[in-house]
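Student: This is the structure, below, for whatever I ask next.
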Amino acid sequence: YWRDWSSDVCSSDLYRWEDVASLQQALEGSHWVLNLAGKSVQCRPNAANHQELIHSRVNTTTALGEAISRCHNPPSCWINASGAGIYPEKGRAQDEDAPTNGETMMADVARRWEAAVMQANTPSTLKVMLRITLVLGAQGGVFPVFKTLVRLGQGGRQGSGQQRMSWIHVEDLYRMVVFIGQQEAIQGAVNAGAPQTMSNAEFMKAMRKVLGFPFGIPAPEWLISIGTSIIGVN
């Protein structure tokens, strides 16, 4: 069950986020539901994008929770995307019990997103907030962005290069979602990412090695802005 945020339409023209009754109809009798709706995080960290990131996640999640609450035969499990950016950066991987007081734009978005899930009145449906890290895949996620930067010669460290990074392959993310849905016992926050982190400098070095580029220009913030403009990040 997916939704194209740019068109305000769900997987069928019969179902719209502003029409809770139609969402209820779509979800009635379903086994479990996965919500990934939201504006792409591949955008500039400005006020306009911040509000759109929140709006595109919180409003849709609230509508979904209302629809599930109205179901006579609701799904047994509701998996809702969240972000691993909810944690403060401490130079190591965080478990689900770590404080969620990150100070970044995405931390604020993730907290509001999860609050919308928890506020939904769905006593017969287990709720899972999937705190997803960087998703890597040959055809999607953030890998194509990094690959393009490397091929433009901008594959050096970004900023200080010391910021820690974690990731998950898109196939592992898919398998994780299926596993959670099949268990019918898992609930609460679940991290979706590798158990170890590496520095941005180490990550970009690995990217250059895989793509066969021996060098990459270190990227201060102004250069990152130019690079992302070239590849169409708004």
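Residues in the structure tokens are numbered from 1 in each chain, the chains being A, B, ... in the order shown, and ligands are numbered from 1 in the order shown.
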Within 8 Å of A:Ala201, counting only C-alpha atoms, which residues show up once you throw out same-chain ones fewer than 5 positions away? Write them as a list in words, please.

Tutor: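 The filter keeps Gly156, Arg157, Gln158, Gly161 and Gln162 of chain A.
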
Student: If we count only C-alpha atoms and set the cut-off at 10 Å, which residues sit around stretch 94-106 of chain A, ignoring sequence neighbours fewer than 5 positions away in its own chain? Please answer as a list of chain:residue names.

Tutor: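 Result of the neighbour search: A:Val41, A:Pro45, A:Asn46, A:Ala47, A:Asn49, A:His50, A:Gln51, A:Leu53, A:Ile54, A:Ser82, A:Gly83, A:Ala84, A:Gly85, A:Ile86, A:Tyr87, A:Pro88, A:Glu89, A:Arg111, A:Arg112, A:Arg131, A:Gly188, A:Ala189, A:Val190, A:Asn191, A:Pro195, A:Gln196, A:Thr197.
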
Student: Figure out the distance between atom CA of A:Ser56 and atom CA of A:Val117, please, to one decimal in Å.

Tutor: 13.8 Å

Student: When you count only C-alpha atoms, which of these residues is closest to A:Val109: A:Ala93, A:Val58, A:Met204, A:Leu134?

Tutor: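 The shortest atom-to-atom distance to A:Val109 comes from A:Val58.
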
Student: Per DSSP on the backbone, filter stretch 2-213 of chain A down to the residues in alpha helix (DSSP H) and report them as a ChimeraX atom specification.

Tutor: /A:20-27,47-70,105-119,143-151,170-183,200-211

Student: Can you list, as a PyMOL selection string, every protein, DNA or RNA residue that comes within 6 Å of stretch 164-173 of chain A when you count only C-alpha atoms, leaving out same-chain residues fewer than 4 positions away?

Tutor: chain A and resi 91+133-137+193-194+197-199

Student: Can you pull out every residue from stretch 30-150 of chain A that DSSP, working from the backbone, puts in strand (DSSP E), and format the result as an MDAnalysis selection string?

Tutor: chainID A and resid 32:35 77:83 126:132 134:137 140:141

Student: Please identify all polymer residues within 12 Å of A:Val150, counting only C-alpha atoms, omitting same-chain residues fewer than 4 positions from it, and present them as a PDB file with C-alpha atoms, in the first residue's frame.

Tutor:
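selection09.pdb was written with the following content:
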ATOM      1  CA  PHE A 143      23.364   5.323  -3.539  1.00  0.00           C
ATOM      2  CA  PRO A 144      22.748   6.974  -6.942  1.00  0.00           C
ATOM      3  CA  VAL A 145      23.312  10.402  -5.340  1.00  0.00           C
ATOM      4  CA  PHE A 146      26.657   9.378  -3.833  1.00  0.00           C
ATOM      5  CA  GLN A 154      33.250  15.339  -5.500  1.00  0.00           C
ATOM      6  CA  GLY A 155      33.605  12.020  -3.727  1.00  0.00           C
ATOM      7  CA  GLY A 156      35.816  13.234  -0.907  1.00  0.00           C
ATOM      8  CA  ARG A 157      34.777  13.632   2.696  1.00  0.00           C
ATOM      9  CA  GLN A 158      31.765  15.856   3.277  1.00  0.00           C
ATOM     10  CA  PHE A 203      32.279   5.705   3.597  1.00  0.00           C
ATOM     11  CA  MET A 204      33.294   7.992   0.736  1.00  0.00           C
ATOM     12  CA  LYS A 205      36.658   6.251   0.466  1.00  0.00           C
ATOM     13  CA  ALA A 206      34.839   2.932   0.056  1.00  0.00           C
ATOM     14  CA  MET A 207      32.570   4.487  -2.575  1.00  0.00           C
ATOM     15  CA  ARG A 208      35.572   5.755  -4.569  1.00  0.00           C
ATOM     16  CA  LYS A 209      37.228   2.334  -4.380  1.00  0.00           C
ATOM     17  CA  VAL A 210      34.109   0.510  -5.601  1.00  0.00           C
ATOM     18  CA  LEU A 211      33.564   2.987  -8.448  1.00  0.00           C
ATOM     19  CA  GLY A 212      37.220   3.088  -9.461  1.00  0.00           C
ATOM     20  CA  PHE A 213      37.922   6.749  -8.659  1.00  0.00           C
ATOM     21  CA  PRO A 214      41.295   7.230  -6.945  1.00  0.00           C
ATOM     22  CA  PHE A 215      40.520  10.719  -5.671  1.00  0.00           C
ATOM     23  CA  GLY A 216      37.637  12.916  -4.575  1.00  0.00           C
ATOM     24  CA  ILE A 217      37.583  16.588  -3.702  1.00  0.00           C
ATOM     25  CA  PRO A 218      36.746  17.177  -0.017  1.00  0.00           C
ATOM     26  CA  ALA A 219      33.423  18.972   0.105  1.00  0.00           C
ATOM     27  CA  ILE A 224      28.042  20.296  -1.411  1.00  0.00           C
ATOM     28  CA  GLY A 227      27.092  19.495  -6.265  1.00  0.00           C
ATOM     29  CA  THR A 228      23.536  18.839  -5.149  1.00  0.00           C
ATOM     30  CA  ILE A 231      22.285  16.633  -9.702  1.00  0.00           C
TER      31      ILE A 231
END

Student: So, with only C-alpha atoms as the atoms that count, which of A:Gly65, A:Gly140, A:Pro123, A:Pro75 lies closest to A:Trp32?

Tutor: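 Among the listed residues, A:Pro75 lies closest to A:Trp32.
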
Student: Please report the interatomic distance between atom CA of A:Gln119 and atom CA of A:Ile68 in Å with one decimal.

Tutor: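 Here the two named atoms are 12.4 Å from each other.
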
Student: Distance table requested - stretch 77-178 of chain A against stretch 12-30 of chain A, cut-off 12 Å, only C-alpha atoms: one row per qualifying residue with the closest atom pair and its distance in Å to one decimal, ordered by chain and rising residue number, as a Markdown table.

Tutor:
| residue | atom | partner | partner_atom | distance |
| --- | --- | --- | --- | --- |
| A:Cys77 | CA | A:Ser30 | CA | 9.4 |
| A:Trp78 | CA | A:Ser30 | CA | 10.4 |
| A:Thr125 | CA | A:Ser30 | CA | 11.1 |

Student: Nearest to A:Val33 among A:Ala120, A:Ala115, A:Leu126, A:Val142, with distances taken over only C-alpha atoms: which residue is it?

Tutor: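 With only C-alpha atoms as the atom set, the closest residue is A:Leu126.
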
Student: To one decimal place, how far is atom CA of A:Gly181 from atom CA of A:Gln42 in Å?

Tutor: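 The value is 27.5 Å.
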